[in-house]
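Student: Have a look at the structure that comes next, please.
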Amino acid sequence: MVKPDGVQRGLVGKILQRIEEKGFKIVAMKLAAMPEAKAKEHYAEHVGKKFYQDLVDFITSGPSVSLVVEGRGAIAAMRKMNGATNPVEAVPGTIRGDWGIETGRNVVHGSDSPASASREIALHFDPSELV
Ligand code: ATP
């Protein structure tokens with residue numbers, strides 16, 4: 001997902017280019033403002049943490065781009081391409097390392113396991129929207 005800061009800063013094209021040049025296939029893509037109920041479901045694992053409400057407020061603050069990326073090792077590779085959660089620690093060449101500013105506005109999100117990818121794809125897409 002390209003988060004609202006990435007969309008607002010006009011980084012969608014550059015991020016898509018990295019995914020395509022890596023060789024992954026984009027099989028679904030959607031620009032939409034995430035409703036609060038969906039944001040709470042998306043970030044359910046963080047309920048109770050002190051940054052939770054800020055996270056929900058931020059992810060619903062403007063349109064984001066949800067993507068389904070397909071390819072061998074795509075989950076792990078996308079997380080490497082995204083870089084460390086805290087952009088200060090993300091190495092140059094990663095999305096957050098090149099364009100991130102702070103943890104709360106770190107440009108992108110990536111599923112961290114096959115289980116979370118399945119859950120998040122089902123949350124953001126109807127099966128008919130995957131090509
Ligand atoms: P993502 O799930 O977005 O790819 P991640 O797996 O690297 O990120 P998580 O620990 O799952 O990181 O946290 C989810 C998101 O919550 C982070 O991307 C970040 O935007 C936000 N977040 C995490 N920790 C903090 C924190 N200490 N302060 C503010 N926001 C945070």
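Ordering of the structure tokens sets the chain letters (A, B, ...), residue numbers begin anew at 1 in every chain, and ligands are numbered from 1 in the order given.
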Write out as a tab-separated table a residue-level contact list of chain A versus ligand 1 with cut-off 6 Å: for each qualifying residue the closest pair of atoms and the distance in Å to one decimal, counting only C-alpha atoms and all ligand atoms, rows sorted by chain and residue number upward.

Tutor:
```
residue	atom	partner	partner_atom_place_in_ligand_line	distance
A:Phe51	CA	ligand 1	29 (C)	4.9
A:Thr85	CA	ligand 1	7 (O)	3.8
A:Thr103	CA	ligand 1	19 (C)	5.1
A:Gly104	CA	ligand 1	30 (N)	4.0
A:Arg105	CA	ligand 1	20 (O)	5.8
A:Asn106	CA	ligand 1	20 (O)	5.6
A:His109	CA	ligand 1	4 (O)	3.5
A:Gly110	CA	ligand 1	4 (O)	4.0
```

Student: I need the chosen residues saved as a JSON list (two decimals), in the first residue's frame, with N, CA and C atoms.

Tutor:
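File written: part_21.json
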```json
[["chain", "number", "residue", "atom", "x", "y", "z"],
["A", 51, "PHE", "N", 0.43, 4.47, 19.68],
["A", 51, "PHE", "CA", 0.35, 5.14, 18.38],
["A", 51, "PHE", "C", -0.88, 4.71, 17.57],
["A", 85, "THR", "N", 10.93, 0.07, 9.21],
["A", 85, "THR", "CA", 9.72, 0.83, 9.60],
["A", 85, "THR", "C", 10.05, 2.29, 9.89],
["A", 103, "THR", "N", 8.44, 7.59, 11.35],
["A", 103, "THR", "CA", 7.75, 6.29, 11.47],
["A", 103, "THR", "C", 6.26, 6.40, 11.22],
["A", 104, "GLY", "N", 5.67, 7.48, 11.72],
["A", 104, "GLY", "CA", 4.22, 7.64, 11.57],
["A", 104, "GLY", "C", 3.80, 8.00, 10.16],
["A", 105, "ARG", "N", 4.76, 8.42, 9.33],
["A", 105, "ARG", "CA", 4.46, 8.76, 7.93],
["A", 105, "ARG", "C", 5.55, 8.12, 7.07],
["A", 106, "ASN", "N", 5.46, 6.80, 6.95],
["A", 106, "ASN", "CA", 6.58, 6.09, 6.33],
["A", 106, "ASN", "C", 6.26, 5.55, 4.93],
["A", 109, "HIS", "N", 3.17, 0.52, 3.14],
["A", 109, "HIS", "CA", 2.91, -0.62, 4.01],
["A", 109, "HIS", "C", 3.09, -1.88, 3.19],
["A", 110, "GLY", "N", 3.60, -2.92, 3.83],
["A", 110, "GLY", "CA", 3.68, -4.22, 3.15],
["A", 110, "GLY", "C", 3.25, -5.33, 4.08]]
```

Student: Determine, counting only C-alpha atoms, which protein, DNA and RNA residues have an atom within 12 Å of an atom of segment 28-39 of chain A; residues of the same chain fewer than 5 positions away are not included. Present the result as a PyMOL selection string.

Tutor: chain A and resi 1-4+6-8+12+16+44-47+52-70+119-131

Student: Give the strand (DSSP E) residues of chain A, as DSSP finds them on the backbone, and put them as a PyMOL selection string.

Tutor: chain A and resi 25-33+63-70

Student: Mind dumping the selected residues with C-alpha atoms as an mmCIF file, in the first residue's frame?

Tutor:
```cif
data_model
loop_
_atom_site.group_PDB
_atom_site.id
_atom_site.type_symbol
_atom_site.label_atom_id
_atom_site.label_comp_id
_atom_site.auth_asym_id
_atom_site.auth_seq_id
_atom_site.Cartn_x
_atom_site.Cartn_y
_atom_site.Cartn_z
ATOM 1 C CA LYS A 25 3.327 -8.409 -11.455
ATOM 2 C CA ILE A 26 0.678 -5.995 -10.204
ATOM 3 C CA VAL A 27 -2.544 -8.024 -10.195
ATOM 4 C CA ALA A 28 -4.826 -5.482 -8.476
ATOM 5 C CA MET A 29 -4.662 -1.766 -7.713
ATOM 6 C CA LYS A 30 -7.072 0.701 -6.125
ATOM 7 C CA LEU A 31 -6.961 4.399 -5.163
ATOM 8 C CA ALA A 32 -9.404 5.037 -2.325
ATOM 9 C CA ALA A 33 -9.865 6.820 0.977
ATOM 10 C CA PRO A 63 -6.514 8.471 -0.407
ATOM 11 C CA SER A 64 -4.100 5.570 -0.392
ATOM 12 C CA VAL A 65 -3.221 3.108 -3.152
ATOM 13 C CA SER A 66 -3.744 -0.571 -2.357
ATOM 14 C CA LEU A 67 -1.887 -3.058 -4.506
ATOM 15 C CA VAL A 68 -1.667 -6.798 -4.853
ATOM 16 C CA VAL A 69 1.818 -7.761 -6.017
ATOM 17 C CA GLU A 70 2.546 -11.230 -7.335
#
```

Student: For Ser118 of chain A, which residue out of A:Lys80, A:His42, A:Lys50, A:Arg96 is the nearest one, using only C-alpha atoms?

Tutor: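 Ranked by minimum distance to Ser118 of chain A, first place goes to A:His42.
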
Student: List every residue of chain A that DSSP, applied to the backbone of this structure, assigns to helix (DSSP H, G or I), and report them as a ChimeraX atom specification.

Tutor: /A:4-8,12-22,36-42,44-46,52-59,74-82,95-99,114-124,127-129

Student: Just give me the gap between atom CA of Arg72 of chain A and atom CA of Ile15 of chain A in Å, one decimal is fine.

Tutor: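 Computing the Euclidean distance for atom CA of Arg72 of chain A and atom CA of Ile15 of chain A yields 18.8 Å.
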
Student: Figure out the distance between atom CA of Val108 of chain A and atom CA of Ile75 of chain A, please, to one decimal in Å.

Tutor: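 Distance reported for this atom pair: 13.4 Å.
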
Student: Can you tell me which residues surround Met81 of chain A at a distance of at most 9 Å, considering only C-alpha atoms, apart from same-chain residues fewer than 5 positions away, and format the answer as a PDB file with C-alpha atoms, in the first residue's frame?

Tutor:
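result_17.pdb, written as the output of this step:
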```pdb
ATOM      1  CA  ARG A  18      10.280   0.058  -8.656  1.00  0.00           C
ATOM      2  CA  ILE A  19       7.787  -2.802  -8.291  1.00  0.00           C
ATOM      3  CA  ALA A  76       9.733 -10.738   1.785  1.00  0.00           C
ATOM      4  CA  GLY A  93      17.796   2.480  -2.101  1.00  0.00           C
ATOM      5  CA  THR A  94      14.723   1.430  -0.149  1.00  0.00           C
ATOM      6  CA  ILE A  95      11.450   3.334  -0.496  1.00  0.00           C
ATOM      7  CA  ARG A  96      11.466   4.534   3.113  1.00  0.00           C
TER       8      ARG A  96
END
```

Student: What separation in Å, quoted to one decimal, exists between atom CA of Pro87 of chain A and atom CA of Val107 of chain A?

Tutor: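 Those two atoms sit 9.2 Å apart.
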
Student: From the list A:Gly13, A:Met78, A:Asp5, A:Glu20, which residue is nearest Asp112 of chain A when using only C-alpha atoms?

Tutor: A:Met78
